[in-house]
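Enquirer: Got a structure here, written out as structure tokens. Questions coming.
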Amino acid sequence: RADQSARAVSIYEVHLGSWRRVVEDGGRALNYREAGQALATYCRQHGFTHVQLLPVAEHPYGASWGYQVTSYFAPTARYGAPDDFRAFVDTLHQAGIGVFVDWVPAHFPKDAWALAEFDGAALYEHADPRKGQHPDWGTLIFNLGRNEVRNFLAASALFWLDEYHVDGLRVDAVSSMLYLDYSRKPGEWVPNERGGRENVEAVSFFQELTTAVKDRFPGAQIIAEESTAWPKVTHSPKDGGLGFDQKWNMGWMNDTLKYFSHDPIYRKHHHQALNFGLMYAFSERFTLALSHDEVVHGKRSLLAKMPGDDWQRFANLRALYGWMWAHPGKKLLFMGGELGQWNEWNHDTSLDWHLLHGLQPRHAQLQALVGKLNALYAAEGALFESDWWQPGFQWIQADNADLNVLSFVRRGVNGWRELVIAANLSPVVRADFLLGVPAGGYWEEILNTDDTQWGGSGVVNEPRWAHPTPVDGQPGALTVRLPPLGVSWWARTDPKEAPPAEPTATTSVATPG
């Protein structure tokens, strides 16, 4: 359980019941031991550092995906016994893959045989429905004002870390716990003793929980799914924070997916959706999450969200991943996103693995690109050492909305390695483009999402010398071709040729094909 701040963390979010099914055995789900072996191999092949499981605590209703828990200490028997789950975790650990699990302290179902009115009265829940019933999910809310309930939940969290050796817990629906008026109309909620909407009991519970985890299990990660601007989620309780180790960046997710869903002709009007996130990117220790919630309930798959024809949709999705993996923040991708599924996620069926072997090679090429992104992310300290360190990021071009172009520098904490990232999110090749770079020398394009090996059109660049021409506040510049609907990564490398002549002016040409 090493410190995550200086590590490359690329999380593969998985629903065990639908990741891969055994067609030869009636389409059943993999059991824990089978899934452990298969996921360990898959994550090693494609560069994911962690698996994050949708809730595996026992739950009666499969369509809740595990988010309506009835047994807070028991792995679901759907896939085996507790020892089988222990074997699952151990198998992934042996392969060097960390394991996070979703943990759900926000609410529980009303099943009479479970926690609801456990002793015939409101024992775990609030008796007042304005506090004790969740209006969105038809569930009951824990009474965090009772020490017995707080101890029950804290014991559950510590149990998963202690008995099952998981590396961390992703805490679901934190926002619904922090606000007394969450999803409630006036008159449907009870203010706190100061007349406010903040749930002070939930705040103190989180502070106690995160402190206990750090005391008992140093290095374990407690990750918040918190969708508002609640301050100091990942700051120490000593400083008034909640003490979480990471927080999902829901603002980044919403803004980024909204931007990429627009036809490029309109993107200049939404340019700030991509650059605004850097205004607050270092206020918390963020994880960039494209989770299961974004590919269900009519929201469409990631690929289907993209505009244009099939080629443009794949190009946009490749560019989204190239942008995401270069952007500050740890990474999380829900299963199927790496395949370019056309269909939304369905918890009752397997992923569309057949796409990898069909007539359309771009699915397999997209999967290979995600593996390449993970490999480069893990290899380049400039990309992960400064995920939560503001000096590790510097804009080159943040406001070039007319061209749909953005560029920036990433650097590691020791400053010896710098990468330049350039995104051209229009379907137009930017030929002879002057790209500012932070140092002279010989630069190589180490990744280009438009490379033909990933299914692109092949607008790539050979290594080249930087010109001593200040551009966009940088001391040097490269004359490059920015690929259409593409993202390219540049790094300094050993020189192999003499410097060329001075750069020419910026021009643009139409996309080939």
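Residue numbering restarts at 1 in every chain; chains get A, B, ... in the order shown in the structure tokens, and ligands count up from 1 in that same order.
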At a cut-off of 10 Å, using only C-alpha atoms, what residues contact Ala378 in chain A? Leave out same-chain residues fewer than 2 positions from it and give the result as a list in words.

Expert: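 Counting only C-alpha atoms, the residues come to Arg7, Ala8, Val9, Ser10, Gly47, Phe48, Thr49, Lys372, Leu373, Asn374, Ala375, Leu376, Glu380, Gly381, Ala382, Leu383, Phe384 and Glu385 of chain A.
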
Enquirer: Residues of the last selection are to be written out with C-alpha atoms, as an mmCIF file, in the first residue's frame.

Expert:
data_model
loop_
_atom_site.group_PDB
_atom_site.id
_atom_site.type_symbol
_atom_site.label_atom_id
_atom_site.label_comp_id
_atom_site.auth_asym_id
_atom_site.auth_seq_id
_atom_site.Cartn_x
_atom_site.Cartn_y
_atom_site.Cartn_z
ATOM 1 C CA ARG A 7 2.636 6.733 -8.588
ATOM 2 C CA ALA A 8 0.961 6.202 -11.912
ATOM 3 C CA VAL A 9 -2.562 5.112 -10.998
ATOM 4 C CA SER A 10 -4.721 3.875 -13.864
ATOM 5 C CA GLY A 47 -1.263 -1.455 -18.378
ATOM 6 C CA PHE A 48 -3.921 -0.872 -15.726
ATOM 7 C CA THR A 49 -2.442 -0.555 -12.246
ATOM 8 C CA LYS A 372 0.040 2.456 -24.941
ATOM 9 C CA LEU A 373 -1.328 5.395 -22.940
ATOM 10 C CA ASN A 374 -1.060 3.386 -19.735
ATOM 11 C CA ALA A 375 2.485 2.337 -20.557
ATOM 12 C CA LEU A 376 3.641 5.892 -21.302
ATOM 13 C CA GLU A 380 6.986 9.212 -17.787
ATOM 14 C CA GLY A 381 7.377 10.767 -14.357
ATOM 15 C CA ALA A 382 6.269 14.096 -15.811
ATOM 16 C CA LEU A 383 2.784 12.623 -16.200
ATOM 17 C CA PHE A 384 2.221 11.071 -12.775
ATOM 18 C CA GLU A 385 4.597 12.721 -10.304
#

Enquirer: Give me, as a Markdown table, the closest atom pair and its distance (Å, one decimal) for every residue of range 200-245 of chain A within a cut-off of 12 Å of range 274-291 of chain A, counting only C-alpha atoms, rows sorted by chain and rising number.

Expert:
| residue | atom | partner | partner_atom | distance |
| --- | --- | --- | --- | --- |
| A:Gln221 | CA | A:Arg285 | CA | 11.6 |
| A:Ile222 | CA | A:Arg285 | CA | 11.5 |
| A:Ile223 | CA | A:Thr287 | CA | 8.8 |
| A:Ala224 | CA | A:Phe286 | CA | 9.5 |
| A:Glu225 | CA | A:Thr287 | CA | 9.7 |
| A:Glu226 | CA | A:Phe286 | CA | 10.6 |
| A:Ser227 | CA | A:Ala289 | CA | 11.6 |
| A:Ala229 | CA | A:Tyr280 | CA | 10.1 |
| A:Trp230 | CA | A:Glu284 | CA | 10.5 |
| A:Pro231 | CA | A:Glu284 | CA | 8.6 |
| A:Lys232 | CA | A:Glu284 | CA | 6.9 |
| A:Val233 | CA | A:Glu284 | CA | 7.0 |
| A:Thr234 | CA | A:Glu284 | CA | 5.7 |
| A:His235 | CA | A:Glu284 | CA | 7.5 |
| A:Ser236 | CA | A:Glu284 | CA | 11.2 |
| A:Gly241 | CA | A:Glu284 | CA | 10.5 |
| A:Leu242 | CA | A:Glu284 | CA | 11.3 |
| A:Gly243 | CA | A:Arg285 | CA | 10.8 |
| A:Phe244 | CA | A:Arg285 | CA | 8.8 |
| A:Asp245 | CA | A:Arg285 | CA | 6.9 |

Enquirer: Which is closer to Ile97 in chain A than all the others in A:Val166, A:Ala77, A:Ala439, A:Met253, using only C-alpha atoms?

Expert: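 Using only C-alpha atoms, Ile97 in chain A sits closest to A:Val166.
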
Enquirer: Using only C-alpha atoms, which residue out of A:Val471, A:Ala315, A:Arg410, A:Leu339 lies closest to Ser457 in chain A?

Expert: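 Smallest distance to Ser457 in chain A is found for A:Ala315.
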
Enquirer: Got a sec: who's within 8 Å of range 106-115 of chain A, counting only C-alpha atoms, leaving out chain neighbours fewer than 2 positions off, as an mmCIF file with N, CA and C atoms, in the first residue's frame?

Expert:
data_model
loop_
_atom_site.group_PDB
_atom_site.id
_atom_site.type_symbol
_atom_site.label_atom_id
_atom_site.label_comp_id
_atom_site.auth_asym_id
_atom_site.auth_seq_id
_atom_site.Cartn_x
_atom_site.Cartn_y
_atom_site.Cartn_z
ATOM 1 N N GLN A 68 -27.206 -1.339 -3.267
ATOM 2 C CA GLN A 68 -28.181 -1.471 -2.189
ATOM 3 C C GLN A 68 -27.764 -2.668 -1.340
ATOM 4 N N VAL A 69 -26.911 -2.385 -0.369
ATOM 5 C CA VAL A 69 -26.218 -3.416 0.401
ATOM 6 C C VAL A 69 -27.060 -3.858 1.588
ATOM 7 N N THR A 70 -27.085 -5.176 1.818
ATOM 8 C CA THR A 70 -27.751 -5.707 3.010
ATOM 9 C C THR A 70 -26.759 -6.335 3.988
ATOM 10 N N SER A 71 -25.589 -6.713 3.521
ATOM 11 C CA SER A 71 -24.608 -7.371 4.396
ATOM 12 C C SER A 71 -23.271 -6.663 4.241
ATOM 13 N N VAL A 104 -20.542 1.481 0.434
ATOM 14 C CA VAL A 104 -21.775 2.268 0.342
ATOM 15 C C VAL A 104 -22.332 2.575 1.737
ATOM 16 N N GLU A 117 -35.504 -1.223 10.386
ATOM 17 C CA GLU A 117 -36.183 -1.457 11.650
ATOM 18 C C GLU A 117 -35.713 -2.764 12.284
ATOM 19 N N PHE A 118 -34.422 -2.846 12.477
ATOM 20 C CA PHE A 118 -33.754 -4.097 12.827
ATOM 21 C C PHE A 118 -34.305 -4.714 14.115
ATOM 22 N N TYR A 124 -30.905 1.520 12.851
ATOM 23 C CA TYR A 124 -29.805 2.012 12.022
ATOM 24 C C TYR A 124 -30.174 3.306 11.301
ATOM 25 N N HIS A 134 -34.321 8.153 1.602
ATOM 26 C CA HIS A 134 -33.702 8.802 0.444
ATOM 27 C C HIS A 134 -34.728 8.941 -0.675
ATOM 28 N N GLY A 138 -35.288 5.351 -2.926
ATOM 29 C CA GLY A 138 -36.240 4.542 -2.178
ATOM 30 C C GLY A 138 -35.588 3.712 -1.095
ATOM 31 N N THR A 139 -34.547 4.246 -0.493
ATOM 32 C CA THR A 139 -33.772 3.531 0.509
ATOM 33 C C THR A 139 -33.784 4.304 1.823
ATOM 34 N N LEU A 140 -33.133 3.738 2.822
ATOM 35 C CA LEU A 140 -33.054 4.354 4.139
ATOM 36 C C LEU A 140 -31.667 4.912 4.382
ATOM 37 N N ILE A 141 -31.600 5.959 5.201
ATOM 38 C CA ILE A 141 -30.348 6.675 5.446
ATOM 39 C C ILE A 141 -29.884 6.400 6.872
ATOM 40 N N PHE A 142 -28.597 6.061 6.996
ATOM 41 C CA PHE A 142 -28.029 5.774 8.304
ATOM 42 C C PHE A 142 -28.116 6.988 9.230
ATOM 43 N N ASP A 172 -19.134 5.682 -1.988
ATOM 44 C CA ASP A 172 -20.188 6.079 -2.918
ATOM 45 C C ASP A 172 -21.061 7.183 -2.337
ATOM 46 N N ALA A 173 -21.528 8.079 -3.206
ATOM 47 C CA ALA A 173 -22.586 9.054 -2.889
ATOM 48 C C ALA A 173 -22.254 9.920 -1.682
ATOM 49 N N VAL A 174 -21.023 10.390 -1.602
ATOM 50 C CA VAL A 174 -20.617 11.225 -0.475
ATOM 51 C C VAL A 174 -21.449 12.504 -0.409
ATOM 52 N N SER A 176 -24.520 13.018 -1.128
ATOM 53 C CA SER A 176 -25.838 12.794 -0.542
ATOM 54 C C SER A 176 -25.773 12.729 0.971
ATOM 55 N N MET A 177 -24.585 12.444 1.524
ATOM 56 C CA MET A 177 -24.419 12.388 2.973
ATOM 57 C C MET A 177 -24.061 13.748 3.557
#

Enquirer: Would you list the contacts of Pro475 in chain A as a short mmCIF file (atom, residue, chain, number, x, y, z; two decimals) with all heavy atoms, in the first residue's frame, taking every protein, DNA or RNA residue within 7 Å and counting only C-alpha atoms, but skipping same-chain residues closer than 4 positions in sequence?

Expert:
data_model
loop_
_atom_site.label_atom_id
_atom_site.label_comp_id
_atom_site.auth_asym_id
_atom_site.auth_seq_id
_atom_site.Cartn_x
_atom_site.Cartn_y
_atom_site.Cartn_z
N VAL A 437 7.77 25.29 -27.04
CA VAL A 437 8.33 24.25 -26.18
C VAL A 437 9.21 24.93 -25.12
O VAL A 437 9.77 26.00 -25.34
CB VAL A 437 9.15 23.22 -26.98
CG1 VAL A 437 8.25 22.39 -27.87
CG2 VAL A 437 10.23 23.89 -27.81
N PRO A 438 9.34 24.29 -23.94
CA PRO A 438 10.01 24.96 -22.82
C PRO A 438 11.53 24.90 -22.87
O PRO A 438 12.18 25.47 -21.98
CB PRO A 438 9.49 24.18 -21.62
CG PRO A 438 9.21 22.82 -22.15
CD PRO A 438 8.72 23.03 -23.55
N ALA A 439 12.10 24.25 -23.88
CA ALA A 439 13.56 24.14 -23.95
C ALA A 439 13.96 23.81 -25.38
O ALA A 439 13.17 23.26 -26.16
CB ALA A 439 14.09 23.07 -23.00
N PRO A 468 15.11 28.35 -31.89
CA PRO A 468 15.25 29.33 -30.81
C PRO A 468 14.36 30.55 -31.02
O PRO A 468 14.81 31.69 -31.01
CB PRO A 468 16.73 29.68 -30.87
CG PRO A 468 17.08 29.53 -32.31
CD PRO A 468 16.28 28.35 -32.81
N THR A 469 13.08 30.28 -31.25
CA THR A 469 12.12 31.34 -31.53
C THR A 469 11.07 31.34 -30.43
O THR A 469 10.31 30.38 -30.30
CB THR A 469 11.42 31.11 -32.88
OG1 THR A 469 12.40 31.01 -33.91
CG2 THR A 469 10.44 32.23 -33.19
N PRO A 470 11.01 32.36 -29.59
CA PRO A 470 9.99 32.38 -28.53
C PRO A 470 8.58 32.35 -29.10
O PRO A 470 8.24 33.13 -29.99
CB PRO A 470 10.27 33.70 -27.81
CG PRO A 470 11.69 34.03 -28.14
CD PRO A 470 11.89 33.54 -29.53
N VAL A 471 7.78 31.43 -28.61
CA VAL A 471 6.39 31.28 -29.04
C VAL A 471 5.53 31.01 -27.80
O VAL A 471 5.85 30.14 -26.99
CB VAL A 471 6.23 30.13 -30.05
CG1 VAL A 471 4.75 29.84 -30.32
CG2 VAL A 471 6.93 30.46 -31.36
#
